[in-house]
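File shown: my_file23.txt (compact mmCIF, C-alpha atoms).
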# COMPACT_ATOMS: atom_id res chain seq x y z
CA MET A 285 0.00 0.00 0.00
CA LYS A 286 1.35 3.39 -1.01
CA LEU A 287 0.82 5.82 1.84
CA ASN A 288 -0.25 9.42 1.33
CA PRO A 289 0.45 12.37 3.65
CA THR A 290 -2.92 12.01 5.40
CA ASP A 291 -2.08 8.38 6.23
CA TYR A 292 1.16 9.45 7.90
CA ILE A 293 -0.58 12.26 9.80
CA ILE A 294 -3.23 9.87 11.13
CA MET A 295 -0.76 7.20 12.20
CA ALA A 296 1.54 9.73 13.87
CA TYR A 297 -1.32 11.20 15.89
CA LEU A 298 -2.84 7.84 16.78
CA LYS A 299 0.60 6.69 17.90
CA SER A 300 0.33 9.07 20.86
CA SER A 301 -3.13 7.82 21.86
CA PRO A 302 -6.18 6.08 20.40
CA MET A 303 -8.99 8.47 19.49
CA HIS A 304 -12.14 8.98 17.45
CA VAL A 305 -12.25 11.05 14.28
CA TYR A 306 -13.65 14.19 15.88
CA LYS A 307 -10.92 14.29 18.51
CA LEU A 308 -8.28 13.59 15.85
CA SER A 309 -9.56 16.41 13.64
CA GLU A 310 -9.64 18.79 16.62
CA LYS A 311 -6.04 17.94 17.53
CA LEU A 312 -4.94 18.54 13.92
CA LYS A 313 -6.82 21.83 13.91
CA ASP A 314 -5.33 22.90 17.27
CA ASP A 315 -1.83 22.00 16.08
CA LYS A 316 -2.36 23.97 12.83
CA VAL A 317 -1.19 20.98 10.79
CA ASP A 318 -3.01 22.32 7.72
CA ALA A 319 -0.52 25.20 7.63
CA TRP A 320 2.24 22.91 6.41
CA ILE A 321 0.45 19.96 4.82
CA GLN A 322 -2.92 19.50 3.17
CA TYR A 323 -5.55 17.18 4.58
CA SER A 324 -9.32 17.18 4.83
CA ILE A 325 -11.92 15.48 7.02
CA PRO A 326 -13.13 13.31 4.10
CA HIS A 327 -9.49 12.30 3.50
CA ILE A 328 -9.20 11.32 7.16
CA TYR A 329 -12.18 8.97 6.84
CA TYR A 330 -10.88 7.59 3.53
CA SER A 331 -7.40 7.05 4.99
CA LEU A 332 -8.74 5.40 8.12
CA ARG A 333 -10.71 2.94 6.00
CA ARG A 334 -7.65 2.13 3.88
CA LEU A 335 -5.35 1.90 6.91
CA LYS A 336 -7.81 -0.47 8.61
CA GLU A 337 -8.12 -2.64 5.48
CA ASN A 338 -4.32 -2.87 5.34
CA GLY A 339 -3.84 -3.75 9.00
CA LEU A 340 -2.26 -0.45 10.05
CA VAL A 341 -5.16 0.78 12.18
CA SER A 342 -7.58 -1.09 14.41
CA VAL A 343 -11.03 0.04 15.52
CA GLU A 344 -12.78 -0.44 18.84
CA ILE A 345 -16.47 0.39 18.93
CA LYS A 346 -17.53 1.95 22.22
CA PRO A 347 -21.30 1.96 22.80
CA ALA A 348 -22.87 5.11 24.20
CA LYS A 349 -26.25 5.40 25.89
CA SER A 350 -27.63 8.61 24.42
CA LYS A 351 -25.65 8.89 21.18
CA PRO A 352 -24.30 6.67 18.42
CA ALA A 353 -21.44 4.32 19.27
CA GLN A 354 -17.96 5.80 18.92
CA LYS A 355 -15.27 4.26 16.77
CA ILE A 356 -11.96 4.59 18.55
CA TYR A 357 -8.97 4.15 16.24
CA SER A 358 -5.48 3.06 17.23
CA VAL A 359 -2.33 2.09 15.38
CA THR A 360 -1.24 -1.51 15.10
CA VAL A 361 2.21 -2.98 15.68
CA GLN A 362 2.61 -3.07 11.89
CA ALA A 363 1.95 0.70 11.75
CA LEU A 364 4.45 1.36 14.53
CA LYS A 365 7.11 -0.52 12.55
CA LEU A 366 6.22 1.45 9.43
CA LEU A 367 6.44 4.74 11.33
CA GLU A 368 9.82 3.70 12.72
CA GLY A 369 11.03 3.19 9.13
CA ILE A 370 9.89 6.65 8.02
CA ARG A 371 13.31 8.03 8.90
CA ASN A 372 14.82 6.07 6.03
CA ASP A 373 11.98 6.32 3.49
CA ASP A 374 13.60 7.59 0.30
CA ASP A 375 10.18 8.25 -1.27
CA LEU A 376 9.52 10.85 1.42
CA ILE A 377 13.03 12.22 1.76
CA SER A 378 13.89 12.44 -1.94
CA ASN A 379 10.46 13.15 -3.39
CA GLU A 380 10.47 15.89 -6.00
CA GLN A 381 7.58 18.31 -5.74
CA PHE A 382 5.38 18.86 -8.79
CA PHE A 383 2.64 21.44 -9.01
CA PRO A 384 -0.71 21.19 -10.78
CA PHE A 385 -0.50 24.84 -11.84
CA ASP A 386 2.76 24.06 -13.69
CA LEU A 387 0.81 21.45 -15.64
CA VAL A 388 -1.73 24.03 -16.74
CA ILE A 389 0.75 26.68 -17.80
CA GLY A 390 3.09 24.07 -19.29
CA LEU A 391 0.27 22.83 -21.52
CA ALA A 392 -1.16 26.30 -22.22
CA GLU A 393 -0.16 26.27 -25.89
CA ARG A 394 -1.56 22.78 -26.49
CA LEU A 395 -4.73 23.76 -24.64
CA GLU A 396 -4.91 26.95 -26.70
CA ILE A 397 -4.92 29.21 -23.69
CA PRO A 398 -4.08 32.74 -24.86
CA GLU A 399 -1.29 34.66 -23.13
CA GLU A 400 -3.77 37.18 -21.74
CA GLN A 401 -5.56 34.32 -19.99
CA ILE A 402 -2.25 32.95 -18.65
CA LYS A 403 -1.58 36.42 -17.21
CA ILE A 404 -4.98 36.37 -15.48
CA MET A 405 -4.28 32.87 -14.15
CA ILE A 406 -0.90 33.98 -12.77
CA GLU A 407 -2.54 37.00 -11.11
CA ARG A 408 -5.06 34.65 -9.48
CA ARG A 409 -2.20 32.39 -8.38
CA ILE A 410 -0.40 35.38 -6.83
CA ALA A 411 -3.57 36.40 -4.94
CA PHE A 412 -3.97 32.85 -3.65
CA LEU A 413 -0.31 32.63 -2.58
CA LYS A 414 -0.49 35.98 -0.75
CA SER A 415 -3.59 34.85 1.12
CA ARG A 416 -2.11 31.45 1.97
CA LEU A 417 1.16 33.02 3.14
CA GLU A 418 -0.76 35.34 5.48
CA GLU A 419 -2.70 32.35 6.89
CA VAL A 420 0.43 30.27 7.49
CA GLN A 421 2.29 33.19 9.07
CA LYS A 422 -0.70 33.85 11.35
CA ASP A 423 -0.86 30.15 12.34
CA PHE A 424 2.89 30.17 12.98
CA ARG A 425 2.57 33.19 15.31
CA ILE A 426 -0.33 31.52 17.14
CA LYS A 427 1.67 28.32 17.61
CA GLU A 428 4.78 30.22 18.74
CA THR A 429 2.91 32.17 21.38
CA GLY A 430 0.67 29.30 22.46
CA GLU A 431 0.72 27.46 25.75
CA LYS A 432 2.13 24.27 24.23
CA LYS A 433 5.76 24.66 23.14
CA MET A 434 6.29 24.09 19.43
CA SER A 435 8.76 21.31 18.63
CA GLY A 436 11.81 21.92 16.48
CA GLY A 437 10.28 19.79 13.74
CA GLU A 438 7.03 21.77 13.77
CA ARG A 439 8.98 25.04 13.65
CA LEU A 440 11.01 23.74 10.73
CA ALA A 441 7.87 22.64 8.86
CA PHE A 442 6.29 26.08 9.34
CA GLN A 443 9.45 27.91 8.33
CA HIS A 444 9.85 25.74 5.25
CA ARG A 445 6.25 26.36 4.23
CA ILE A 446 6.63 30.13 4.72
CA ARG A 447 9.86 30.30 2.73
CA PHE A 448 8.38 28.10 0.03
CA LEU A 449 5.29 30.32 -0.31
CA LYS A 450 7.46 33.46 -0.40
CA GLY A 451 9.68 31.91 -3.08
CA GLU A 452 6.73 30.82 -5.20
CA LEU A 453 5.12 34.23 -4.80
CA ASP A 454 8.36 35.93 -5.88
CA PHE A 455 8.66 33.57 -8.87
CA TYR A 456 5.15 34.32 -10.14
CA LYS A 457 5.51 38.08 -9.60
CA LYS A 458 8.64 38.01 -11.79
CA SER A 459 6.96 35.72 -14.31
CA LEU A 460 4.00 38.05 -14.59
CA LYS A 461 6.32 40.74 -15.98
CA GLU A 462 6.89 38.52 -19.04
CA PHE A 463 3.22 38.89 -19.93
CA LYS A 464 3.05 42.72 -19.71
File written out as structure tokens:
Amino acid sequence: MKLNPTDYIIMAYLKSSPMHVYKLSEKLKDDKVDAWIQYSIPHIYYSLRRLKENGLVSVEIKPAKSKPAQKIYSVTVQALKLLEGIRNDDDLISNEQFFPFDLVIGLAERLEIPEEQIKIMIERRIAFLKSRLEEVQKDFRIKETGEKKMSGGERLAFQHRIRFLKGELDFYKKSLKEFK
């Protein structure tokens, strides 16, 4: 089974303690994980199903009197071994990043997208990147001043994301000049 980022997030959080989806999503939200990696609630459910089918997560159903039974998820021994091996996973360490927007602009001529439209698309990309950068910087400040001390790894992930967004923003601002 090829694991995606959401799979790793789930296993890493369940490693600390078993929990139900709502608690997991709240912890991810509190830790501002979405500032440095994308995930969604539907992806969490999808990943949990796949992880369970592949023996990486187990489920305990806890009945409740006045509400539906809760599914409590926990990692298996197999998942713990997999997480231990993450330090040497060349697919994660040496993975080259590709961007969907590059696909669009790279195929612009074949898709018959006029240069004026490419300019508009780049302007929209710049607006998105500015907004995203502001969000990540805000989340970083919140984490830094929060009660729970941010780990060195979390700080590094935030800093990398901020520098990446700044670099991409700078790249597209310079690229936009080619279309003026």
Residues within 12 Å of A:Ile410, all atoms listed in the file, excluding chain neighbours under 4 positions, as a CSV table (one decimal) with C-alpha atoms, in the frame of the given file:
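Final output, part-v9.csv:
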chain,number,residue,atom,x,y,z
A,385,PHE,CA,-0.5,24.8,-11.8
A,403,LYS,CA,-1.6,36.4,-17.2
A,404,ILE,CA,-5.0,36.4,-15.5
A,405,MET,CA,-4.3,32.9,-14.2
A,406,ILE,CA,-0.9,34.0,-12.8
A,414,LYS,CA,-0.5,36.0,-0.8
A,415,SER,CA,-3.6,34.8,1.1
A,416,ARG,CA,-2.1,31.4,2.0
A,417,LEU,CA,1.2,33.0,3.1
A,449,LEU,CA,5.3,30.3,-0.3
A,450,LYS,CA,7.5,33.5,-0.4
A,451,GLY,CA,9.7,31.9,-3.1
A,452,GLU,CA,6.7,30.8,-5.2
A,453,LEU,CA,5.1,34.2,-4.8
A,454,ASP,CA,8.4,35.9,-5.9
A,455,PHE,CA,8.7,33.6,-8.9
A,456,TYR,CA,5.2,34.3,-10.1
A,457,LYS,CA,5.5,38.1,-9.6
A,458,LYS,CA,8.6,38.0,-11.8
A,459,SER,CA,7.0,35.7,-14.3
A,460,LEU,CA,4.0,38.0,-14.6
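The space separating atom CA of A:Lys461 from atom CA of A:Gln443 comes to 27.7 Å.
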Shell of 7 Å around stretch 311-320 of chain A, all atoms listed in the file, local chain residues under 4 positions omitted, as a VMD selection string:
chain A and resid 307 420 423 441 to 442 445
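Taking all atoms listed in the file, the non-local environment of A:Ala353 within 12 Å (same-chain residues fewer than 4 positions away omitted) comprises His304, Val343, Glu344, Ile345, Lys346, Pro347, Ala348 and Lys349 of chain A.
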Requested write-out: C-alpha atoms of the selected residues, as an mmCIF file, keeping the file's coordinate frame:
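Generated output (again_34.cif):
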data_model
loop_
_atom_site.group_PDB
_atom_site.id
_atom_site.type_symbol
_atom_site.label_atom_id
_atom_site.label_comp_id
_atom_site.auth_asym_id
_atom_site.auth_seq_id
_atom_site.Cartn_x
_atom_site.Cartn_y
_atom_site.Cartn_z
ATOM 1 C CA HIS A 304 -12.140 8.980 17.450
ATOM 2 C CA VAL A 343 -11.030 0.040 15.520
ATOM 3 C CA GLU A 344 -12.780 -0.440 18.840
ATOM 4 C CA ILE A 345 -16.470 0.390 18.930
ATOM 5 C CA LYS A 346 -17.530 1.950 22.220
ATOM 6 C CA PRO A 347 -21.300 1.960 22.800
ATOM 7 C CA ALA A 348 -22.870 5.110 24.200
ATOM 8 C CA LYS A 349 -26.250 5.400 25.890
#
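Proximity ranking of A:Met303, A:Leu298, A:Glu407, A:Asp374 relative to A:Val361 places A:Leu298 first, based on all atoms listed in the file.
For the pair atom CA of A:Ser435 and atom CA of A:Lys299, the interatomic distance is 16.8 Å.
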Applying 10 Å and all atoms listed in the file, which residues near A:Leu287 remain after dropping the ones on its own chain fewer than 3 positions away? List them as a VMD selection string.
chain A and resid 290 to 292 331 334 to 335
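Atom to atom, atom CA of A:Lys336 and atom CA of A:Met295 stand 11.0 Å apart.
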Can you take the partial stretch 306-321 of chain A, add N, CA and C atoms, and return it as a PDB file, keeping the file's coordinate frame?
ATOM      1  N   TYR A 306     -13.446  12.806  15.461  1.00  0.00           N
ATOM      2  CA  TYR A 306     -13.650  14.190  15.880  1.00  0.00           C
ATOM      3  C   TYR A 306     -12.475  14.692  16.713  1.00  0.00           C
ATOM      4  N   LYS A 307     -12.043  13.883  17.674  1.00  0.00           N
ATOM      5  CA  LYS A 307     -10.920  14.290  18.510  1.00  0.00           C
ATOM      6  C   LYS A 307      -9.648  14.440  17.664  1.00  0.00           C
ATOM      7  N   LEU A 308      -9.429  13.524  16.739  1.00  0.00           N
ATOM      8  CA  LEU A 308      -8.280  13.590  15.850  1.00  0.00           C
ATOM      9  C   LEU A 308      -8.316  14.890  15.039  1.00  0.00           C
ATOM     10  N   SER A 309      -9.463  15.189  14.462  1.00  0.00           N
ATOM     11  CA  SER A 309      -9.560  16.410  13.640  1.00  0.00           C
ATOM     12  C   SER A 309      -9.368  17.661  14.487  1.00  0.00           C
ATOM     13  N   GLU A 310      -9.842  17.651  15.719  1.00  0.00           N
ATOM     14  CA  GLU A 310      -9.640  18.790  16.620  1.00  0.00           C
ATOM     15  C   GLU A 310      -8.164  18.962  16.970  1.00  0.00           C
ATOM     16  N   LYS A 311      -7.467  17.859  17.221  1.00  0.00           N
ATOM     17  CA  LYS A 311      -6.040  17.940  17.530  1.00  0.00           C
ATOM     18  C   LYS A 311      -5.265  18.499  16.329  1.00  0.00           C
ATOM     19  N   LEU A 312      -5.602  18.035  15.125  1.00  0.00           N
ATOM     20  CA  LEU A 312      -4.940  18.540  13.920  1.00  0.00           C
ATOM     21  C   LEU A 312      -5.212  20.036  13.750  1.00  0.00           C
ATOM     22  N   LYS A 313      -6.435  20.423  14.013  1.00  0.00           N
ATOM     23  CA  LYS A 313      -6.820  21.830  13.910  1.00  0.00           C
ATOM     24  C   LYS A 313      -6.064  22.656  14.953  1.00  0.00           C
ATOM     25  N   ASP A 314      -6.042  22.189  16.190  1.00  0.00           N
ATOM     26  CA  ASP A 314      -5.330  22.900  17.270  1.00  0.00           C
ATOM     27  C   ASP A 314      -3.840  23.026  16.978  1.00  0.00           C
ATOM     28  N   ASP A 315      -3.262  21.992  16.387  1.00  0.00           N
ATOM     29  CA  ASP A 315      -1.830  22.000  16.080  1.00  0.00           C
ATOM     30  C   ASP A 315      -1.501  22.720  14.775  1.00  0.00           C
ATOM     31  N   LYS A 316      -2.536  23.211  14.081  1.00  0.00           N
ATOM     32  CA  LYS A 316      -2.360  23.970  12.830  1.00  0.00           C
ATOM     33  C   LYS A 316      -1.625  23.161  11.766  1.00  0.00           C
ATOM     34  N   VAL A 317      -1.869  21.869  11.737  1.00  0.00           N
ATOM     35  CA  VAL A 317      -1.190  20.980  10.790  1.00  0.00           C
ATOM     36  C   VAL A 317      -1.478  21.386   9.341  1.00  0.00           C
ATOM     37  N   ASP A 318      -2.668  21.931   9.088  1.00  0.00           N
ATOM     38  CA  ASP A 318      -3.010  22.320   7.720  1.00  0.00           C
ATOM     39  C   ASP A 318      -2.169  23.484   7.206  1.00  0.00           C
ATOM     40  N   ALA A 319      -1.390  24.117   8.060  1.00  0.00           N
ATOM     41  CA  ALA A 319      -0.520  25.200   7.630  1.00  0.00           C
ATOM     42  C   ALA A 319       0.686  24.682   6.850  1.00  0.00           C
ATOM     43  N   TRP A 320       1.061  23.428   7.102  1.00  0.00           N
ATOM     44  CA  TRP A 320       2.240  22.910   6.410  1.00  0.00           C
ATOM     45  C   TRP A 320       1.997  21.638   5.615  1.00  0.00           C
ATOM     46  N   ILE A 321       0.789  21.098   5.677  1.00  0.00           N
ATOM     47  CA  ILE A 321       0.450  19.960   4.820  1.00  0.00           C
ATOM     48  C   ILE A 321      -1.062  19.906   4.638  1.00  0.00           C
TER      49      ILE A 321
END
